[in-house]
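J.: File follows, work.pdb with PDB, C-alpha atoms:
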ATOM      1  CA  MET A 102      68.921  45.530   3.975  1.00  0.00           C
ATOM      2  CA  ALA A 103      65.815  47.621   3.593  1.00  0.00           C
ATOM      3  CA  ALA A 104      63.277  48.828   6.099  1.00  0.00           C
ATOM      4  CA  THR A 105      59.604  48.137   5.655  1.00  0.00           C
ATOM      5  CA  VAL A 106      58.392  51.205   7.458  1.00  0.00           C
ATOM      6  CA  ALA A 107      58.094  54.760   6.265  1.00  0.00           C
ATOM      7  CA  LEU A 108      58.431  56.275   9.727  1.00  0.00           C
ATOM      8  CA  GLY A 109      61.148  58.756   8.855  1.00  0.00           C
ATOM      9  CA  SER A 110      64.765  57.898   8.224  1.00  0.00           C
ATOM     10  CA  THR A 111      64.242  54.157   7.721  1.00  0.00           C
ATOM     11  CA  SER A 112      62.674  54.365   4.277  1.00  0.00           C
ATOM     12  CA  VAL A 113      64.929  53.057   1.542  1.00  0.00           C
ATOM     13  CA  SER A 114      63.557  55.620  -0.910  1.00  0.00           C
ATOM     14  CA  GLN A 115      65.116  58.377   1.195  1.00  0.00           C
ATOM     15  CA  GLN A 116      68.629  57.028   0.733  1.00  0.00           C
ATOM     16  CA  LYS A 117      71.162  58.829  -1.400  1.00  0.00           C
ATOM     17  CA  PRO A 118      71.908  57.015  -4.651  1.00  0.00           C
ATOM     18  CA  LYS A 119      74.614  54.318  -4.444  1.00  0.00           C
ATOM     19  CA  GLN A 120      74.669  54.486  -0.630  1.00  0.00           C
ATOM     20  CA  LYS A 121      73.229  51.432   1.045  1.00  0.00           C
ATOM     21  CA  LYS A 122      72.424  51.782   4.693  1.00  0.00           C
ATOM     22  CA  THR A 123      73.911  49.231   7.009  1.00  0.00           C
ATOM     23  CA  GLU A 124      71.734  47.040   9.208  1.00  0.00           C
ATOM     24  CA  ALA A 125      72.916  49.046  12.235  1.00  0.00           C
ATOM     25  CA  GLU A 126      71.874  52.327  10.570  1.00  0.00           C
ATOM     26  CA  ILE A 127      68.426  50.970   9.691  1.00  0.00           C
ATOM     27  CA  LYS A 128      67.885  49.563  13.187  1.00  0.00           C
ATOM     28  CA  SER A 129      69.084  52.850  14.716  1.00  0.00           C
ATOM     29  CA  GLY A 130      66.606  54.706  12.523  1.00  0.00           C
ATOM     30  CA  LEU A 131      63.853  52.468  13.844  1.00  0.00           C
ATOM     31  CA  VAL A 132      64.838  53.277  17.430  1.00  0.00           C
ATOM     32  CA  VAL A 133      64.645  57.007  16.599  1.00  0.00           C
ATOM     33  CA  ASN A 134      61.165  56.469  15.210  1.00  0.00           C
ATOM     34  CA  PHE A 135      60.058  54.325  18.134  1.00  0.00           C
ATOM     35  CA  CYS A 136      60.857  57.292  20.368  1.00  0.00           C
ATOM     36  CA  ARG A 137      58.880  59.618  18.082  1.00  0.00           C
ATOM     37  CA  TYR A 138      55.771  57.429  18.149  1.00  0.00           C
ATOM     38  CA  LEU A 139      55.720  56.439  21.832  1.00  0.00           C
ATOM     39  CA  ASP A 140      54.533  58.652  24.664  1.00  0.00           C
ATOM     40  CA  TRP A 141      56.091  58.215  28.105  1.00  0.00           C
ATOM     41  CA  SER A 142      53.934  60.956  29.653  1.00  0.00           C
ATOM     42  CA  PRO A 143      54.627  62.260  32.052  1.00  0.00           C
ATOM     43  CA  LEU A 144      58.348  62.397  31.389  1.00  0.00           C
ATOM     44  CA  PRO A 145      60.436  64.001  34.117  1.00  0.00           C
ATOM     45  CA  LYS A 146      61.154  67.737  34.037  1.00  0.00           C
ATOM     46  CA  SER A 147      62.371  69.219  30.763  1.00  0.00           C
ATOM     47  CA  GLU A 148      65.899  69.702  32.112  1.00  0.00           C
ATOM     48  CA  THR A 149      66.352  65.960  32.531  1.00  0.00           C
ATOM     49  CA  THR A 150      67.848  63.713  29.879  1.00  0.00           C
ATOM     50  CA  PHE A 151      66.028  61.010  27.931  1.00  0.00           C
ATOM     51  CA  GLU A 152      68.071  57.876  28.597  1.00  0.00           C
ATOM     52  CA  ILE A 153      68.626  55.075  26.086  1.00  0.00           C
ATOM     53  CA  HIS A 154      70.618  52.172  27.506  1.00  0.00           C
ATOM     54  CA  ILE A 155      72.065  49.174  25.717  1.00  0.00           C
ATOM     55  CA  VAL A 156      72.703  45.918  27.583  1.00  0.00           C
ATOM     56  CA  GLY A 157      74.635  43.158  25.806  1.00  0.00           C
ATOM     57  CA  LYS A 158      76.658  43.216  22.613  1.00  0.00           C
ATOM     58  CA  ASP A 159      75.789  46.557  20.999  1.00  0.00           C
ATOM     59  CA  PRO A 160      74.223  45.908  17.565  1.00  0.00           C
ATOM     60  CA  LEU A 161      73.928  49.608  16.688  1.00  0.00           C
ATOM     61  CA  GLY A 162      77.407  50.991  17.318  1.00  0.00           C
ATOM     62  CA  LYS A 163      78.114  54.566  16.291  1.00  0.00           C
ATOM     63  CA  ALA A 164      75.037  54.645  14.013  1.00  0.00           C
ATOM     64  CA  ILE A 165      72.694  55.408  16.922  1.00  0.00           C
ATOM     65  CA  ASP A 166      75.106  57.956  18.407  1.00  0.00           C
ATOM     66  CA  GLU A 167      75.244  59.818  15.094  1.00  0.00           C
ATOM     67  CA  LEU A 168      71.453  59.865  14.747  1.00  0.00           C
ATOM     68  CA  TYR A 169      70.954  61.282  18.231  1.00  0.00           C
ATOM     69  CA  GLU A 170      73.760  63.848  18.128  1.00  0.00           C
ATOM     70  CA  LYS A 171      71.374  66.733  17.447  1.00  0.00           C
ATOM     71  CA  ARG A 172      67.971  65.145  18.132  1.00  0.00           C
ATOM     72  CA  LYS A 173      65.735  65.387  21.142  1.00  0.00           C
ATOM     73  CA  VAL A 174      62.941  63.195  22.456  1.00  0.00           C
ATOM     74  CA  ASP A 175      60.000  65.291  23.569  1.00  0.00           C
ATOM     75  CA  LYS A 176      62.297  68.331  24.086  1.00  0.00           C
ATOM     76  CA  HIS A 177      64.763  66.257  26.146  1.00  0.00           C
ATOM     77  CA  ASP A 178      68.423  65.806  25.283  1.00  0.00           C
ATOM     78  CA  VAL A 179      69.298  62.156  24.653  1.00  0.00           C
ATOM     79  CA  ALA A 180      72.048  60.213  26.418  1.00  0.00           C
ATOM     80  CA  ILE A 181      73.079  56.752  25.216  1.00  0.00           C
ATOM     81  CA  SER A 182      74.874  54.435  27.644  1.00  0.00           C
ATOM     82  CA  ARG A 183      76.266  50.959  27.041  1.00  0.00           C
ATOM     83  CA  PHE A 184      76.582  48.384  29.807  1.00  0.00           C
ATOM     84  CA  GLY A 185      78.004  45.250  28.209  1.00  0.00           C
ATOM     85  CA  SER A 186      76.901  41.765  29.182  1.00  0.00           C
ATOM     86  CA  TRP A 187      74.148  41.559  31.827  1.00  0.00           C
ATOM     87  CA  SER A 188      75.689  38.509  33.479  1.00  0.00           C
ATOM     88  CA  ALA A 189      78.997  40.364  33.925  1.00  0.00           C
ATOM     89  CA  LEU A 190      77.379  43.404  35.574  1.00  0.00           C
ATOM     90  CA  ALA A 191      77.562  43.788  39.352  1.00  0.00           C
ATOM     91  CA  GLU A 192      74.282  44.659  41.109  1.00  0.00           C
ATOM     92  CA  PRO A 193      74.796  48.467  41.288  1.00  0.00           C
ATOM     93  CA  HIS A 194      75.510  48.537  37.535  1.00  0.00           C
ATOM     94  CA  ARG A 195      72.389  46.457  36.832  1.00  0.00           C
ATOM     95  CA  VAL A 196      70.298  48.991  38.751  1.00  0.00           C
ATOM     96  CA  ARG A 197      71.889  51.827  36.742  1.00  0.00           C
ATOM     97  CA  ALA A 198      71.345  49.934  33.453  1.00  0.00           C
ATOM     98  CA  LEU A 199      67.607  49.872  34.178  1.00  0.00           C
ATOM     99  CA  ASP A 200      67.431  53.598  34.984  1.00  0.00           C
ATOM    100  CA  CYS A 201      66.257  54.691  31.527  1.00  0.00           C
ATOM    101  CA  GLN A 202      63.242  55.273  29.316  1.00  0.00           C
ATOM    102  CA  LEU A 203      64.292  52.898  26.514  1.00  0.00           C
ATOM    103  CA  LEU A 204      66.364  49.755  27.022  1.00  0.00           C
ATOM    104  CA  ILE A 205      67.867  47.936  24.066  1.00  0.00           C
ATOM    105  CA  VAL A 206      68.267  44.329  25.180  1.00  0.00           C
ATOM    106  CA  ALA A 207      71.051  42.994  22.988  1.00  0.00           C
ATOM    107  CA  GLU A 208      71.467  39.669  24.752  1.00  0.00           C
ATOM    108  CA  SER A 209      70.858  36.460  22.786  1.00  0.00           C
ATOM    109  CA  ASP A 210      70.284  34.011  25.646  1.00  0.00           C
ATOM    110  CA  PRO A 211      66.533  33.817  26.406  1.00  0.00           C
ATOM    111  CA  LYS A 212      67.257  33.086  30.097  1.00  0.00           C
ATOM    112  CA  ILE A 213      69.241  36.315  30.443  1.00  0.00           C
ATOM    113  CA  VAL A 214      66.609  38.262  28.481  1.00  0.00           C
ATOM    114  CA  SER A 215      63.919  36.904  30.826  1.00  0.00           C
ATOM    115  CA  GLU A 216      65.979  37.920  33.838  1.00  0.00           C
ATOM    116  CA  ILE A 217      66.376  41.485  32.504  1.00  0.00           C
ATOM    117  CA  LEU A 218      62.694  41.805  31.615  1.00  0.00           C
ATOM    118  CA  GLY A 219      61.703  40.369  34.998  1.00  0.00           C
ATOM    119  CA  ALA A 220      63.847  42.998  36.737  1.00  0.00           C
ATOM    120  CA  ILE A 221      61.989  45.738  34.821  1.00  0.00           C
ATOM    121  CA  GLY A 222      58.502  44.471  35.574  1.00  0.00           C
ATOM    122  CA  ARG A 223      55.908  47.146  34.849  1.00  0.00           C
ATOM    123  CA  ARG A 224      58.202  50.129  35.133  1.00  0.00           C
ATOM    124  CA  GLN A 225      57.808  52.670  32.345  1.00  0.00           C
ATOM    125  CA  ILE A 226      60.841  51.358  30.442  1.00  0.00           C
ATOM    126  CA  VAL A 227      60.287  50.433  26.796  1.00  0.00           C
ATOM    127  CA  THR A 228      62.335  47.396  25.825  1.00  0.00           C
ATOM    128  CA  VAL A 229      63.628  46.660  22.320  1.00  0.00           C
ATOM    129  CA  GLY A 230      65.090  43.248  21.499  1.00  0.00           C
ATOM    130  CA  PHE A 231      66.467  41.335  18.548  1.00  0.00           C
ATOM    131  CA  ILE A 232      65.733  37.669  19.319  1.00  0.00           C
ATOM    132  CA  PRO A 233      62.683  35.914  17.817  1.00  0.00           C
ATOM    133  CA  THR A 234      61.066  35.181  21.184  1.00  0.00           C
ATOM    134  CA  PHE A 235      61.494  38.680  22.618  1.00  0.00           C
ATOM    135  CA  LEU A 236      57.775  39.503  22.834  1.00  0.00           C
ATOM    136  CA  HIS A 237      56.991  36.096  24.339  1.00  0.00           C
ATOM    137  CA  LEU A 238      59.600  36.688  27.015  1.00  0.00           C
ATOM    138  CA  GLY A 239      57.836  39.929  28.015  1.00  0.00           C
ATOM    139  CA  GLY A 240      59.585  42.450  25.758  1.00  0.00           C
ATOM    140  CA  ASP A 241      57.852  45.406  24.135  1.00  0.00           C
ATOM    141  CA  ILE A 242      59.305  45.772  20.626  1.00  0.00           C
ATOM    142  CA  GLU A 243      60.915  42.940  18.666  1.00  0.00           C
ATOM    143  CA  VAL A 244      63.131  43.872  15.716  1.00  0.00           C
ATOM    144  CA  PHE A 245      63.772  41.114  13.187  1.00  0.00           C
ATOM    145  CA  ILE A 246      64.872  40.462   9.628  1.00  0.00           C
ATOM    146  CA  GLN A 247      62.485  38.849   7.173  1.00  0.00           C
ATOM    147  CA  GLU A 248      62.867  38.614   3.413  1.00  0.00           C
ATOM    148  CA  ASN A 249      66.064  40.652   3.686  1.00  0.00           C
ATOM    149  CA  LYS A 250      64.247  43.564   5.373  1.00  0.00           C
ATOM    150  CA  VAL A 251      64.392  44.914   8.904  1.00  0.00           C
ATOM    151  CA  ARG A 252      60.930  44.748  10.469  1.00  0.00           C
ATOM    152  CA  PHE A 253      59.438  45.057  13.932  1.00  0.00           C
ATOM    153  CA  ASP A 254      56.521  43.944  16.066  1.00  0.00           C
ATOM    154  CA  VAL A 255      55.005  45.770  19.050  1.00  0.00           C
ATOM    155  CA  ALA A 256      53.439  44.267  22.171  1.00  0.00           C
ATOM    156  CA  HIS A 257      50.868  47.021  22.528  1.00  0.00           C
ATOM    157  CA  ASP A 258      49.281  45.446  25.616  1.00  0.00           C
ATOM    158  CA  HIS A 259      52.654  45.349  27.418  1.00  0.00           C
ATOM    159  CA  LEU A 260      53.209  49.035  26.758  1.00  0.00           C
ATOM    160  CA  LYS A 261      49.661  49.919  27.786  1.00  0.00           C
ATOM    161  CA  LEU A 262      50.164  48.184  31.149  1.00  0.00           C
ATOM    162  CA  LYS A 263      53.324  50.226  31.656  1.00  0.00           C
ATOM    163  CA  GLY A 264      51.486  53.476  30.904  1.00  0.00           C
ATOM    164  CA  VAL A 265      53.298  54.090  27.601  1.00  0.00           C
ATOM    165  CA  LYS A 266      51.022  55.256  24.795  1.00  0.00           C
ATOM    166  CA  VAL A 267      51.646  53.921  21.290  1.00  0.00           C
ATOM    167  CA  SER A 268      50.815  55.951  18.192  1.00  0.00           C
ATOM    168  CA  SER A 269      48.526  54.295  15.677  1.00  0.00           C
ATOM    169  CA  LYS A 270      51.186  55.017  13.018  1.00  0.00           C
ATOM    170  CA  LEU A 271      53.632  52.761  14.844  1.00  0.00           C
ATOM    171  CA  LEU A 272      51.049  50.016  15.315  1.00  0.00           C
ATOM    172  CA  LYS A 273      50.069  50.119  11.626  1.00  0.00           C
ATOM    173  CA  SER A 274      53.713  49.652  10.620  1.00  0.00           C
ATOM    174  CA  ALA A 275      54.298  46.721  12.974  1.00  0.00           C
ATOM    175  CA  GLU A 276      54.377  43.209  11.540  1.00  0.00           C
ATOM    176  CA  ARG A 277      54.215  39.869  13.278  1.00  0.00           C
ATOM    177  CA  ASN A 278      57.458  37.894  13.250  1.00  0.00           C
ATOM    178  CA  PRO A 279      56.527  34.465  11.855  1.00  0.00           C
ATOM    179  CA  ALA A 280      59.442  32.943  13.785  1.00  0.00           C
ATOM    180  CA  SER A 281      57.841  34.111  17.053  1.00  0.00           C
ATOM    181  CA  GLY A 282      54.463  32.493  16.608  1.00  0.00           C
ATOM    182  CA  PRO A 283      51.281  34.236  17.804  1.00  0.00           C
ATOM    183  CA  ARG A 284      51.516  37.397  19.865  1.00  0.00           C
ATOM    184  CA  PRO A 285      51.550  36.812  23.628  1.00  0.00           C
ATOM    185  CA  LYS A 286      48.378  37.821  25.470  1.00  0.00           C
ATOM    186  CA  GLU A 287      49.733  38.608  28.916  1.00  0.00           C
ATOM    187  CA  GLY A 288      51.591  41.759  29.911  1.00  0.00           C
ATOM    188  CA  PRO A 289      54.995  42.126  31.496  1.00  0.00           C
ATOM    189  CA  ARG A 290      55.732  40.353  34.720  1.00  0.00           C
TER     190      ARG A 290
END
Kindly transcribe the structure held in the file into C-alpha cells.

T.:
Amino acid sequence: MAATVALGSTSVSQQKPKQKKTEAEIKSGLVVNFCRYLDWSPLPKSETTFEIHIVGKDPLGKAIDELYEKRKVDKHDVAISRFGSWSALAEPHRVRALDCQLLIVAESDPKIVSEILGAIGRRQIVTVGFIPTFLHLGGDIEVFIQENKVRFDVAHDHLKLKGVKVSSKLLKSAERNPASGPRPKEGPR
C-alpha cells in the first residue's frame, strides 16, 4: 500500500528502507493529517480534549493510538474511543459515540451508515468512512483504495455547511473515487 498524498506521515518516500507501512498505518496517518488541515473553530476551551470516536469494526487498531500518543490537535490532547457496532449500541452509548469532533464510521452496511450520518445532521462532527458510497450517504471524507494506493475524497460543501473550514492543501490532495460516481451536490441531512 502507498499513499498518494504528501500531507505528512503518509508519504511513502518518508518510510524507512525495507519497512512497508500497513494499510492501517497509512489510513491512520491520513486521519492525523485530516485533523491538521481542518479547522473546527471555535473548538471548546483549551483544557478540553479533542475526541476521535470509531463506530464499527475498527480498521485502524493500535496504529492510530500510536500516532496520537504525543500529538495534539490545535493544542488539545487527543482521546480515541471505540464503540463497536452501531446496531448493538444502546441509545445512551449512541449519544456518547456522537460526542466528538471526528467520527470514523467503520460500518459497511449503507443503511447503518445513513442512520449514523442522519443522527449527526449538521453538527460540527467530521465523518470519515471507508465504503464507496460514503460521500453520497452524507459523509465528509471517503477513504478508498485505488491502484493499490490509499486515497481520499472530501465533500467540501458538507463540511462548509457544518462550519468546518478545509485547507486548500487538503482539497488539492483529494481525489474522486471512481467507484462512487460524481460528487453529491447536497449537504448533510

J.: Applying 7 Å and all atoms listed in the file, which residues near region 268-277 of chain A remain after dropping the ones on its own chain fewer than 3 positions away? List them as a PyMOL selection string.

T.: chain A and resi 106+138-139+252-255

J.: Could you expand the PyMOL selection byres ((chain A and resi 196) around 12) into the explicit residues it covers here, written as a PDB file with C-alpha atoms, keeping the file's coordinate frame?

T.:
ATOM      1  CA  HIS A 154      70.618  52.172  27.506  1.00  0.00           C
ATOM      2  CA  VAL A 156      72.703  45.918  27.583  1.00  0.00           C
ATOM      3  CA  PHE A 184      76.582  48.384  29.807  1.00  0.00           C
ATOM      4  CA  TRP A 187      74.148  41.559  31.827  1.00  0.00           C
ATOM      5  CA  LEU A 190      77.379  43.404  35.574  1.00  0.00           C
ATOM      6  CA  ALA A 191      77.562  43.788  39.352  1.00  0.00           C
ATOM      7  CA  GLU A 192      74.282  44.659  41.109  1.00  0.00           C
ATOM      8  CA  PRO A 193      74.796  48.467  41.288  1.00  0.00           C
ATOM      9  CA  HIS A 194      75.510  48.537  37.535  1.00  0.00           C
ATOM     10  CA  ARG A 195      72.389  46.457  36.832  1.00  0.00           C
ATOM     11  CA  ARG A 197      71.889  51.827  36.742  1.00  0.00           C
ATOM     12  CA  ALA A 198      71.345  49.934  33.453  1.00  0.00           C
ATOM     13  CA  LEU A 199      67.607  49.872  34.178  1.00  0.00           C
ATOM     14  CA  ASP A 200      67.431  53.598  34.984  1.00  0.00           C
ATOM     15  CA  CYS A 201      66.257  54.691  31.527  1.00  0.00           C
ATOM     16  CA  ILE A 217      66.376  41.485  32.504  1.00  0.00           C
ATOM     17  CA  ALA A 220      63.847  42.998  36.737  1.00  0.00           C
ATOM     18  CA  ILE A 221      61.989  45.738  34.821  1.00  0.00           C
TER      19      ILE A 221
END

J.: Using Å and a single decimal, report how far CA of Leu168 (chain A) sits from CA of Ala207 (chain A).

T.: 18.8 Å

J.: So which residues get picked by the PyMOL selection byres ((chain A and resi 162) around 12) here, written as a list in words?

T.: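 Residues picked by the PyMOL selection byres ((chain A and resi 162) around 12): Thr123, Glu124, Ala125, Glu126, Ile127, Lys128, Ser129, Ile155, Gly157, Lys158, Asp159, Pro160, Leu161, Lys163, Ala164, Ile165, Asp166, Glu167, Leu168, Ile181, Ser182, Arg183 and Ala207 of chain A.
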
J.: Run the PyMOL selection byres ((chain A and resi 228) around 8) mentally over the shown coordinates, then write out the matched residues as a list in words, using the chain letters and numbers from the document.

T.: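 For this structure, the PyMOL selection byres ((chain A and resi 228) around 8) resolves to Leu203, Leu204, Ile205, Val206, Ile226, Val227, Val229, Gly230, Gly240, Asp241 and Ile242 of chain A.
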
J.: Selection from above, C-alpha atoms, as a tab-separated table (two decimals), keeping the file's coordinate frame, can you write it?

T.:
chain	number	residue	atom	x	y	z
A	203	LEU	CA	64.29	52.90	26.51
A	204	LEU	CA	66.36	49.76	27.02
A	205	ILE	CA	67.87	47.94	24.07
A	206	VAL	CA	68.27	44.33	25.18
A	226	ILE	CA	60.84	51.36	30.44
A	227	VAL	CA	60.29	50.43	26.80
A	229	VAL	CA	63.63	46.66	22.32
A	230	GLY	CA	65.09	43.25	21.50
A	240	GLY	CA	59.58	42.45	25.76
A	241	ASP	CA	57.85	45.41	24.14
A	242	ILE	CA	59.30	45.77	20.63

J.: Please, what distance in Å, to one decimal, runs between CA of Gln120 (chain A) and CA of Arg172 (chain A)?

T.: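 Between CA of Gln120 (chain A) and CA of Arg172 (chain A) the gap works out to 22.6 Å.
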
J.: Compare A:Phe151, A:Tyr169, A:Val251, A:Val214 by their minimum atom-to-atom distance to Lys122 (chain A), counting all atoms listed in the file, and give me the closest one.

T.: A:Val251

J.: Could you work out how far CA of Ile232 (chain A) lies from CA of Ile246 (chain A), giving the answer in Å with one decimal?

T.: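 Distance between the two atoms: 10.1 Å.
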
J.: Given 8 Å on each side, where is the centre and what are the edge lengths in Å to one decimal of the axis-aligned box enclosing the listed atoms of region 218-231 of chain A, as JSON?

T.:
{"center_x": 61.2, "center_y": 46.5, "center_z": 27.6, "size_x": 26.6, "size_y": 28.3, "size_z": 34.2}

J.: Please determine, counting all atoms listed in the file, which residue among A:Asn249, A:Ser142, A:Ser209, A:Val132 has the shortest atom-to-atom distance to Ser186 (chain A).

T.: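 Counting all atoms listed in the file, the residue closest to Ser186 (chain A) is A:Ser209.
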